$ cat structure07.txt   # compact mmCIF, C-alpha atoms
# COMPACT_ATOMS: atom_id res chain seq x y z
CA MET A 459 101.75 125.70 124.34
CA VAL A 460 99.85 122.49 125.00
CA ASP A 461 97.38 123.38 122.24
CA LEU A 462 100.20 124.05 119.79
CA LEU A 463 101.92 120.75 120.64
CA GLY A 464 98.60 118.89 120.40
CA LEU A 465 97.88 120.32 116.96
CA LEU A 466 101.43 119.67 115.84
CA ALA A 467 101.32 116.07 117.14
CA PHE A 468 98.09 115.26 115.34
CA GLY A 469 99.40 117.02 112.24
CA GLU A 470 102.53 114.83 112.23
CA LEU A 471 100.49 111.68 112.87
CA THR A 472 98.18 112.37 109.94
CA ALA A 473 101.13 113.41 107.74
CA PHE A 474 102.72 110.04 108.53
CA GLU A 475 99.55 108.16 107.62
CA ARG A 476 99.06 110.14 104.44
CA MET A 477 102.64 109.79 103.18
CA ALA A 478 102.67 106.07 103.94
CA THR A 479 99.35 105.65 102.13
CA ASP A 480 100.55 107.73 99.19
CA ALA A 481 103.64 105.53 98.96
CA ARG A 482 101.33 102.85 97.57
CA MET A 483 100.71 105.11 94.53
CA ALA A 484 104.43 105.62 93.90
CA PRO A 485 105.32 104.89 90.27
CA THR A 486 108.70 103.31 91.12
CA LEU A 487 110.22 101.33 93.98
CA ALA A 488 112.74 104.14 94.55
CA ASP A 489 109.90 106.68 94.97
CA LYS A 490 108.08 104.28 97.28
CA ILE A 491 111.15 103.90 99.48
CA GLU A 492 111.83 107.65 99.60
CA LEU A 493 108.27 108.45 100.58
CA GLY A 494 108.30 105.66 103.19
CA ARG A 495 111.47 107.11 104.69
CA MET A 496 109.86 110.56 104.95
CA ALA A 497 106.76 109.02 106.55
CA ALA A 498 108.90 107.25 109.16
CA ALA A 499 110.61 110.59 109.91
CA GLU A 500 107.18 112.20 110.48
CA PHE A 501 106.33 109.44 112.94
CA ALA A 502 109.60 110.07 114.81
CA HIS A 503 108.57 113.76 115.05
CA PHE A 504 105.18 112.70 116.39
CA GLU A 505 106.89 110.56 119.07
CA ALA A 506 109.16 113.49 120.04
CA ILE A 507 106.14 115.71 120.67
CA GLY A 508 104.38 112.90 122.53
CA ASN A 509 107.40 112.52 124.81
CA GLU A 510 107.48 116.27 125.49
CA LEU A 511 103.76 116.33 126.36
CA HIS A 512 104.32 113.31 128.63
CA ARG A 513 107.18 115.18 130.32
CA LEU A 514 104.84 118.15 130.85
CA GLY A 515 102.32 115.77 132.46
CA VAL A 516 99.81 116.29 129.65
CA ASP A 517 97.74 113.49 128.12
CA LEU A 518 98.64 113.20 124.43
CA GLU A 519 95.18 112.23 123.25
CA GLN A 520 93.53 115.06 125.18
CA ALA A 521 95.98 117.56 123.72
CA MET A 522 95.20 116.38 120.17
CA ALA A 523 91.43 116.10 120.66
CA PRO A 524 90.41 119.70 119.73
CA PHE A 525 92.00 119.29 116.28
CA VAL A 526 91.05 115.74 115.31
CA SER A 527 87.77 116.44 113.54
CA ALA A 528 88.99 119.44 111.50
CA LEU A 529 92.22 117.77 110.34
CA THR A 530 90.47 114.47 109.59
CA ALA A 531 87.78 116.31 107.61
CA PHE A 532 90.45 118.19 105.67
CA HIS A 533 92.20 114.93 104.67
CA ASN A 534 88.96 113.12 103.85
CA LEU A 535 87.81 116.01 101.64
CA THR A 536 91.15 116.22 99.83
CA ALA A 537 92.09 112.60 99.12
CA PRO A 538 94.53 112.73 96.17
CA SER A 539 93.40 110.79 93.12
CA ASP A 540 96.92 110.14 91.85
CA TRP A 541 100.61 110.35 92.66
CA LEU A 542 101.12 113.95 91.46
CA GLU A 543 98.12 115.23 93.41
CA SER A 544 99.54 113.53 96.51
CA LEU A 545 102.91 115.26 96.02
CA VAL A 546 101.31 118.68 95.51
CA LYS A 547 99.13 118.16 98.58
CA ALA A 548 102.04 117.13 100.78
CA TYR A 549 104.20 120.03 99.58
CA VAL A 550 101.54 122.75 99.70
CA GLY A 551 99.75 121.56 102.84
CA ASP A 552 102.75 120.69 105.00
CA ASN A 553 104.48 123.98 104.22
CA ILE A 554 101.46 126.14 105.00
CA ALA A 555 101.09 124.27 108.28
CA ALA A 556 104.82 124.58 109.02
CA ASP A 557 104.77 128.34 108.36
CA PHE A 558 101.87 128.71 110.76
CA TYR A 559 103.66 126.69 113.47
CA ARG A 560 106.83 128.76 113.00
CA GLU A 561 104.88 132.01 113.43
CA ILE A 562 103.48 130.72 116.73
CA ALA A 563 106.78 129.16 117.86
CA GLY A 564 108.51 132.54 117.52
CA ARG A 565 106.40 133.67 120.48
CA LEU A 566 107.35 130.75 122.75
CA GLU A 567 110.11 130.43 125.36
CA PRO A 568 113.47 129.23 123.93
CA GLU A 569 113.08 125.59 125.05
CA PRO A 570 109.67 124.73 123.60
CA ARG A 571 110.56 126.86 120.58
CA SER A 572 113.58 124.72 119.72
CA LEU A 573 111.50 121.52 120.02
CA VAL A 574 108.86 122.89 117.65
CA LEU A 575 111.48 124.08 115.16
CA SER A 576 113.35 120.76 115.23
CA VAL A 577 110.12 118.85 114.62
CA LEU A 578 109.38 121.14 111.67
CA ALA A 579 112.78 120.42 110.12
CA ASP A 580 112.20 119.44 106.52
CA THR A 581 112.34 115.66 106.02
CA GLY A 582 113.56 116.18 102.46
CA HIS A 583 110.04 116.00 101.14
CA ALA A 584 110.06 119.51 99.67
CA ALA A 585 112.94 119.00 97.23
CA PHE A 586 111.58 115.57 96.32
CA ALA A 587 108.09 116.92 95.53
CA VAL A 588 109.33 119.96 93.60
CA GLU A 589 111.61 117.83 91.44
CA ARG A 590 108.93 115.22 90.66
CA VAL A 591 106.18 117.77 89.93
CA ARG A 592 108.39 119.97 87.73
CA ALA A 593 109.50 116.93 85.72
CA ALA A 594 105.90 115.81 85.24
CA ILE A 595 104.84 119.28 84.02
CA ALA A 596 107.85 119.49 81.70
CA SER A 597 106.88 116.22 80.01
CA ASN A 598 103.18 117.08 79.95
CA PRO A 599 102.45 120.86 80.19
CA VAL A 600 98.66 120.28 80.27
CA MET A 601 99.15 118.90 83.77
CA ALA A 602 99.97 122.38 85.14
CA GLY A 603 96.38 123.61 84.89
CA ARG A 604 94.90 120.61 86.66
CA LEU A 605 97.49 120.71 89.49
CA ALA A 606 97.08 124.49 89.95
CA LEU A 607 93.30 123.98 90.37
CA TRP A 608 93.99 121.16 92.82
CA ALA A 609 96.28 123.41 94.90
CA ARG A 610 93.60 126.12 95.04
CA ARG A 611 91.08 123.57 96.25
CA LEU A 612 93.52 122.47 98.96
CA VAL A 613 93.95 126.03 100.22
CA GLY A 614 90.19 126.55 100.19
CA GLU A 615 89.51 123.41 102.24
CA ALA A 616 92.34 124.28 104.64
CA LEU A 617 90.81 127.71 105.29
CA THR A 618 87.36 126.19 105.80
CA GLN A 619 88.70 123.77 108.39
CA ALA A 620 90.83 126.47 110.05
CA GLN A 621 87.64 128.49 110.52
CA ARG A 622 86.05 125.47 112.22
CA VAL A 623 88.93 125.31 114.70
CA ALA A 624 88.74 129.10 115.15
CA ALA A 625 85.04 128.81 116.02
CA ASP A 626 86.12 126.87 119.13
CA ARG A 627 87.19 129.91 121.19
CA ASP A 628 89.18 127.87 123.73
CA ALA A 629 91.28 126.09 121.12
CA LEU A 630 91.90 129.34 119.27
CA THR A 631 92.85 131.27 122.36
CA GLY A 632 95.20 128.47 123.40
CA LEU A 633 96.83 128.37 119.98
CA LEU A 634 97.22 132.09 119.47
CA ALA A 635 98.51 132.85 122.96
CA GLY A 636 101.15 135.51 122.47
CA VAL A 637 99.61 136.89 119.30
CA GLY A 638 98.54 140.44 119.99
CA ASP A 639 95.44 141.41 118.07
CA LEU A 640 93.41 140.88 114.90
CA GLU A 641 95.77 143.05 112.90
CA GLU A 642 98.70 140.87 113.89
CA ILE A 643 96.73 137.76 112.87
CA ALA A 644 96.06 139.35 109.48
CA GLU A 645 99.79 140.02 109.05
CA ILE A 646 100.63 136.40 109.90
CA PHE A 647 98.04 135.23 107.37
CA ASN A 648 99.46 137.51 104.67
CA ARG A 649 103.01 136.29 105.26
CA ILE A 650 101.86 132.65 105.05
CA MET A 651 99.99 133.21 101.78
CA ALA A 652 102.94 135.11 100.26
CA ALA A 653 105.21 132.16 101.04
CA HIS A 654 102.59 129.82 99.54
CA ARG A 655 102.59 131.80 96.27
CA GLN A 656 106.39 131.53 96.11
CA ARG A 657 106.20 127.76 96.55
CA MET A 658 103.58 127.46 93.82
CA ALA A 659 105.93 129.36 91.51
CA ALA A 660 108.74 126.94 92.47
CA LEU A 661 106.47 124.07 91.39
CA GLY A 662 105.82 125.86 88.10
CA LEU A 663 102.15 126.46 88.97
CA SER A 664 100.08 129.64 89.09
CA ALA A 665 98.74 130.34 92.59
CA MET B 553 121.05 84.84 100.87
CA VAL B 554 120.48 87.82 98.59
CA ASP B 555 117.13 86.37 97.53
CA LEU B 556 116.07 85.86 101.13
CA LEU B 557 117.08 89.42 102.06
CA GLY B 558 115.33 90.80 98.98
CA LEU B 559 112.10 89.02 99.82
CA LEU B 560 112.37 90.05 103.45
CA ALA B 561 113.04 93.68 102.50
CA PHE B 562 110.04 93.92 100.21
CA GLY B 563 107.94 92.09 102.79
CA GLU B 564 108.87 94.67 105.45
CA LEU B 565 108.25 97.56 103.07
CA THR B 566 104.77 96.32 102.19
CA ALA B 567 104.05 95.49 105.85
CA PHE B 568 104.94 99.09 106.68
CA GLU B 569 102.64 100.46 104.00
CA ARG B 570 99.81 98.17 105.00
CA MET B 571 100.01 98.88 108.74
CA ALA B 572 100.23 102.63 108.13
CA THR B 573 97.24 102.46 105.79
CA ASP B 574 95.28 100.31 108.24
CA ALA B 575 95.99 102.86 110.96
CA ARG B 576 93.47 105.09 109.17
CA MET B 577 90.75 102.53 110.03
CA ALA B 578 91.68 102.47 113.72
CA PRO B 579 88.62 103.01 115.92
CA THR B 580 90.50 105.06 118.54
CA LEU B 581 93.44 107.45 118.61
CA ALA B 582 95.31 105.05 120.90
CA ASP B 583 94.92 102.21 118.37
CA LYS B 584 96.01 104.54 115.59
CA ILE B 585 99.17 105.50 117.47
CA GLU B 586 100.02 101.89 118.36
CA LEU B 587 99.64 100.72 114.78
CA GLY B 588 101.65 103.71 113.52
CA ARG B 589 104.44 102.82 115.96
CA MET B 590 104.52 99.23 114.68
CA ALA B 591 104.56 100.47 111.08
CA ALA B 592 107.54 102.73 111.83
CA ALA B 593 109.33 99.71 113.39
CA GLU B 594 108.74 97.73 110.18
CA PHE B 595 110.28 100.55 108.19
CA ALA B 596 113.35 100.51 110.46
CA HIS B 597 113.65 96.76 109.75
CA PHE B 598 113.41 97.47 106.04
CA GLU B 599 116.25 100.02 106.33
CA ALA B 600 118.41 97.51 108.27
CA ILE B 601 118.09 94.97 105.46
CA GLY B 602 118.73 97.65 102.86
CA ASN B 603 121.95 98.63 104.68
CA GLU B 604 123.08 95.00 104.80
CA LEU B 605 122.44 94.52 101.06
CA HIS B 606 124.34 97.75 100.41
CA ARG B 607 127.24 96.42 102.51
CA LEU B 608 127.19 93.24 100.42
CA GLY B 609 127.39 95.39 97.27
CA VAL B 610 123.91 94.30 96.14
CA ASP B 611 121.35 96.67 94.62
CA LEU B 612 118.30 96.78 96.90
CA GLU B 613 115.74 97.18 94.12
CA GLN B 614 117.23 94.34 92.09
CA ALA B 615 117.17 92.06 95.14
CA MET B 616 113.48 92.83 95.75
CA ALA B 617 112.44 92.64 92.08
CA PRO B 618 111.66 88.87 91.84
CA PHE B 619 109.07 89.20 94.63
CA VAL B 620 107.36 92.51 93.84
CA SER B 621 104.56 91.24 91.61
CA ALA B 622 103.57 88.27 93.80
CA LEU B 623 103.53 90.25 97.06
CA THR B 624 101.75 93.21 95.48
CA ALA B 625 99.13 90.89 93.98
CA PHE B 626 98.62 89.23 97.37
CA HIS B 627 97.99 92.58 99.06
CA ASN B 628 95.74 93.87 96.27
CA LEU B 629 93.64 90.69 96.38
CA THR B 630 93.31 90.77 100.16
CA ALA B 631 92.58 94.41 100.97
CA PRO B 632 90.83 94.36 104.39
CA SER B 633 87.37 95.87 104.42
CA ASP B 634 87.48 96.86 108.09
CA TRP B 635 89.69 97.21 111.15
CA LEU B 636 89.25 93.62 112.41
CA GLU B 637 90.03 92.13 109.01
CA SER B 638 93.19 94.25 108.90
CA LEU B 639 94.27 92.95 112.32
CA VAL B 640 93.64 89.31 111.37
CA LYS B 641 95.52 89.80 108.11
CA ALA B 642 98.54 91.38 109.80
CA TYR B 643 98.63 88.71 112.50
CA VAL B 644 98.07 85.67 110.26
CA GLY B 645 100.09 86.86 107.28
CA ASP B 646 103.11 88.31 109.08
CA ASN B 647 103.50 85.24 111.26
CA ILE B 648 103.31 82.75 108.38
CA ALA B 649 105.93 84.84 106.57
CA ALA B 650 108.09 85.09 109.70
CA ASP B 651 107.94 81.29 110.26
CA PHE B 652 109.05 80.76 106.69
CA TYR B 653 111.97 83.21 107.05
CA ARG B 654 113.05 81.55 110.30
CA GLU B 655 113.10 78.12 108.64
CA ILE B 656 115.39 79.47 105.95
CA ALA B 657 117.50 81.54 108.36
CA GLY B 658 118.30 78.42 110.38
CA ARG B 659 120.34 77.27 107.38
CA LEU B 660 122.40 80.47 107.09
CA GLU B 661 125.80 81.35 108.53
CA PRO B 662 125.65 82.88 112.05
CA GLU B 663 126.06 86.51 110.92
CA PRO B 664 123.28 86.79 108.30
CA ARG B 665 121.15 84.55 110.53
CA SER B 666 121.28 86.99 113.43
CA LEU B 667 120.33 89.89 111.12
CA VAL B 668 117.31 88.01 109.79
CA LEU B 669 116.22 86.96 113.28
CA SER B 670 116.57 90.50 114.66
CA VAL B 671 114.51 91.90 111.80
CA LEU B 672 111.84 89.31 112.50
CA ALA B 673 111.65 90.34 116.16
CA ASP B 674 108.01 90.92 116.98
CA THR B 675 107.13 94.62 116.97
CA GLY B 676 104.41 93.97 119.56
CA HIS B 677 101.81 93.58 116.87
CA ALA B 678 100.94 89.98 117.78
CA ALA B 679 99.76 90.66 121.32
CA PHE B 680 97.94 93.79 120.14
CA ALA B 681 96.05 91.92 117.40
CA VAL B 682 95.16 88.93 119.58
CA GLU B 683 93.80 91.15 122.32
CA ARG B 684 91.69 93.32 119.98
CA VAL B 685 90.30 90.39 117.97
CA ARG B 686 89.44 88.32 121.05
CA ALA B 687 87.66 91.29 122.61
CA ALA B 688 85.66 91.89 119.41
CA ILE B 689 84.58 88.23 119.24
CA ALA B 690 83.66 88.22 122.93
CA SER B 691 81.33 91.18 122.43
CA ASN B 692 79.94 89.85 119.14
CA PRO B 693 80.38 86.05 118.72
CA VAL B 694 78.88 86.11 115.20
CA MET B 695 82.12 87.83 114.10
CA ALA B 696 84.13 84.62 114.63
CA GLY B 697 82.68 82.89 111.56
CA ARG B 698 83.33 85.81 109.24
CA LEU B 699 86.91 86.32 110.46
CA ALA B 700 87.67 82.56 110.23
CA LEU B 701 86.53 82.58 106.59
CA TRP B 702 88.68 85.68 105.99
CA ALA B 703 91.75 83.93 107.44
CA ARG B 704 91.18 80.90 105.20
CA ARG B 705 90.98 83.18 102.18
CA LEU B 706 94.26 84.84 103.22
CA VAL B 707 96.02 81.48 103.43
CA GLY B 708 94.62 80.45 100.05
CA GLU B 709 95.81 83.65 98.35
CA ALA B 710 99.22 83.36 100.03
CA LEU B 711 99.66 79.82 98.69
CA THR B 712 98.58 80.92 95.21
CA GLN B 713 101.18 83.70 95.18
CA ALA B 714 103.85 81.45 96.70
CA GLN B 715 103.32 79.06 93.78
CA ARG B 716 103.84 81.98 91.39
CA VAL B 717 107.21 82.73 93.01
CA ALA B 718 108.05 79.00 92.98
CA ALA B 719 107.36 78.87 89.24
CA ASP B 720 110.39 81.19 88.82
CA ARG B 721 113.08 78.50 89.23
CA ASP B 722 115.90 80.98 89.86
CA ALA B 723 114.10 82.81 92.64
CA LEU B 724 113.06 79.52 94.25
CA THR B 725 116.52 77.99 94.05
CA GLY B 726 118.01 81.13 95.54
CA LEU B 727 115.50 81.19 98.38
CA LEU B 728 115.65 77.52 99.28
CA ALA B 729 119.45 77.22 99.13
CA GLY B 730 120.38 74.88 101.95
CA VAL B 731 117.05 73.08 101.97
CA GLY B 732 117.73 69.48 101.01
CA ASP B 733 114.88 67.95 99.03
CA LEU B 734 111.15 67.96 98.42
CA GLU B 735 110.49 65.95 101.57
CA GLU B 736 112.25 68.59 103.65
CA ILE B 737 110.17 71.30 101.98
CA ALA B 738 107.01 69.37 102.86
CA GLU B 739 108.15 69.18 106.49
CA ILE B 740 108.79 72.93 106.60
CA PHE B 741 105.33 73.51 105.14
CA ASN B 742 103.70 71.22 107.72
CA ARG B 743 105.45 72.97 110.60
CA ILE B 744 104.35 76.38 109.31
CA MET B 745 100.71 75.31 108.95
CA ALA B 746 100.71 73.70 112.43
CA ALA B 747 101.93 76.99 113.92
CA HIS B 748 99.24 78.81 111.92
CA ARG B 749 96.51 76.59 113.42
CA GLN B 750 97.80 77.35 116.90
CA ARG B 751 97.65 81.08 116.22
CA MET B 752 94.10 80.80 114.90
CA ALA B 753 93.15 79.06 118.13
CA ALA B 754 94.81 81.89 120.10
CA LEU B 755 92.57 84.33 118.21
CA GLY B 756 89.54 82.21 119.09
CA LEU B 757 88.99 81.21 115.45
CA SER B 758 88.71 77.79 113.80
CA ALA B 759 91.47 77.21 111.23
$ encode --input "structure07.txt" --output "structure tokens"
Amino acid sequence: MVDLLGLLAFGELTAFERMATDARMAPTLADKIELGRMAAAEFAHFEAIGNELHRLGVDLEQAMAPFVSALTAFHNLTAPSDWLESLVKAYVGDNIAADFYREIAGRLEPEPRSLVLSVLADTGHAAFAVERVRAAIASNPVMAGRLALWARRLVGEALTQAQRVAADRDALTGLLAGVGDLEEIAEIFNRIMAAHRQRMAALGLSA
Amino acid sequence: MVDLLGLLAFGELTAFERMATDARMAPTLADKIELGRMAAAEFAHFEAIGNELHRLGVDLEQAMAPFVSALTAFHNLTAPSDWLESLVKAYVGDNIAADFYREIAGRLEPEPRSLVLSVLADTGHAAFAVERVRAAIASNPVMAGRLALWARRLVGEALTQAQRVAADRDALTGLLAGVGDLEEIAEIFNRIMAAHRQRMAALGLSA
């Protein structure tokens, strides 16, 4: 539970930073404001998890520590080079992460489960990203190939970093508490990738 | 009034973006979280001004428009190259801007005045920046010269961009409504620069 909250907290903190940074690339003031609003919502989620960890008597920084290097490496290795890449990254990455958290949360007690699910509530980013990316592809179909490649690279880097976290037996055991065996992990993984392929189709991209 | 709120809104929006971006340079997780919290507070201020403009029946983007190019140019020309430069910039720049807004707000009716003053309420950034910069100079006195030069460059760029805004007669007239004459403007300017010198001394830097 503490491991899950620590990962989730650092995930929200980096999502906040990334969205706020991406807002600088926004092509219009309206886009900038919308992305800023979503970033502020991520920070509020981060604070909610921090308060829960505090209530549990757990140090926030210690809870996040096992995940800092992998998540930071992921973001450093996948810095978007333009506005559309940043939208695809936020949409693809945040949803894969959210699906993973939901799989784990389903195994928690009702109280922590409802906190995790409320923190995962969509900040409106999904609809925003889908609309912007689809419009960009409609006006310039060549874009679809480049963005599809970009999404594949994101998934590849995410898996690489997930393996790094998995190599730390303690962090992995803490995270997957409640998950039965390797077969169950494979099923979770398959469900997450199936949902990812559906989202790529919603963007108008081949997975 | 609308011009002041428009400038203030865009100032808060860019302050949010800048603090959130600077949080990526934070040397520790605790610093990162503190800066993120201050950035989220700036965004809440931005939303408060946006709501007030909406209440007044004014379009937020139109109100911000006269100030977008000057403020964006200022930030592009003064991108901090490290964590300490980002702290000095936030401290020096935000306070000069806040002093200017307070001078103008003093001439407003009580209701808009209290909104402006509440939005200018310190988010805790000042004490945070002073403490971090003083500690850095104490452990490495050579730093003081470089950061003092940086602060002078910030003031120079700010004045350059302020002149650009002033060259737009409509924006200037709107902003300085209630300010009597050139002599009064000179007095406001002198008060703002005197306060700036005091803040530089608080940082342990020569102005």
$ closest_residue --input "structure07.txt" --among "B:Val685, B:Leu701, B:Ala678, B:Leu581" --to "Ala521 of chain A" --atoms "only C-alpha atoms"
B:Leu581
$ interface_residues --input "structure07.txt" --of "chain A" --to "chain B" --cutoff "9 Å" --atoms "only C-alpha atoms" --output "CSV table (one decimal) with C-alpha atoms, in the coordinates of the input"
chain,number,residue,atom,x,y,z
A,471,LEU,CA,100.5,111.7,112.9
A,472,THR,CA,98.2,112.4,109.9
A,474,PHE,CA,102.7,110.0,108.5
A,475,GLU,CA,99.6,108.2,107.6
A,476,ARG,CA,99.1,110.1,104.4
A,478,ALA,CA,102.7,106.1,103.9
A,479,THR,CA,99.4,105.6,102.1
A,480,ASP,CA,100.6,107.7,99.2
A,481,ALA,CA,103.6,105.5,99.0
A,482,ARG,CA,101.3,102.8,97.6
A,487,LEU,CA,110.2,101.3,94.0
A,488,ALA,CA,112.7,104.1,94.6
A,490,LYS,CA,108.1,104.3,97.3
A,491,ILE,CA,111.2,103.9,99.5
A,494,GLY,CA,108.3,105.7,103.2
A,495,ARG,CA,111.5,107.1,104.7
A,497,ALA,CA,106.8,109.0,106.6
A,498,ALA,CA,108.9,107.2,109.2
A,499,ALA,CA,110.6,110.6,109.9
A,501,PHE,CA,106.3,109.4,112.9
A,502,ALA,CA,109.6,110.1,114.8
A,505,GLU,CA,106.9,110.6,119.1
A,519,GLU,CA,95.2,112.2,123.2
$ closest_residue --input "structure07.txt" --among "B:Gly602, B:Pro662, B:Gly756, B:Pro618" --to "Gly697 of chain B" --atoms "all atoms listed in the file"
B:Gly756
$ closest_residue --input "structure07.txt" --among "B:Met752, B:Ala578, B:Ala657, B:Met695" --to "Ser670 of chain B" --atoms "only C-alpha atoms"
B:Ala657
$ closest_residue --input "structure07.txt" --among "A:Ser664, A:Ala506, A:Arg590, A:His512" --to "Leu575 of chain A" --atoms "all atoms listed in the file"
A:Ala506
$ atom_distance --input "structure07.txt" --atom1 "atom CA of Leu629 of chain B" --atom2 "atom CA of Asn647 of chain B"
18.7 Å
$ atom_distance --input "structure07.txt" --atom1 "atom CA of Leu573 of chain A" --atom2 "atom CA of Lys547 of chain A"
25.0 Å
$ atom_distance --input "structure07.txt" --atom1 "atom CA of Ser691 of chain B" --atom2 "atom CA of Ser638 of chain B"
18.3 Å
$ residues_around --input "structure07.txt" --residues "Tyr643 of chain B" --least-positions-apart "4" --cutoff "10 Å" --atoms "all atoms listed in the file" --output "JSON, numbers by chain"
{"B": [637, 638, 639, 647, 648, 677, 678, 679, 680, 681, 682, 703, 748, 751, 752, 755]}
$ residues_around --input "structure07.txt" --residues "Leu612 of chain A" --least-positions-apart "5" --cutoff "10 Å" --atoms "all atoms listed in the file" --output "list in words"
Phe532, His533, Leu535, Thr536, Ala537, Val546, Lys547, Val550, Gly551, Ala606, Leu607, Leu617 and Thr618 of chain A
$ write_last_selection --input "structure07.txt" --atoms "C-alpha atoms" --output "tab-separated table (two decimals), in the frame of the given file"
chain	number	residue	atom	x	y	z
A	532	PHE	CA	90.45	118.19	105.67
A	533	HIS	CA	92.20	114.93	104.67
A	535	LEU	CA	87.81	116.01	101.64
A	536	THR	CA	91.15	116.22	99.83
A	537	ALA	CA	92.09	112.60	99.12
A	546	VAL	CA	101.31	118.68	95.51
A	547	LYS	CA	99.13	118.16	98.58
A	550	VAL	CA	101.54	122.75	99.70
A	551	GLY	CA	99.75	121.56	102.84
A	606	ALA	CA	97.08	124.49	89.95
A	607	LEU	CA	93.30	123.98	90.37
A	617	LEU	CA	90.81	127.71	105.29
A	618	THR	CA	87.36	126.19	105.80
$ closest_residue --input "structure07.txt" --among "A:Ala531, A:Ala555, A:Leu463, A:Met651" --to "Asp517 of chain A" --atoms "all atoms listed in the file"
A:Leu463
$ closest_residue --input "structure07.txt" --among "A:Glu561, A:Asp540, A:Glu567, A:Glu510" --to "Ile646 of chain A" --atoms "all atoms listed in the file"
A:Glu561
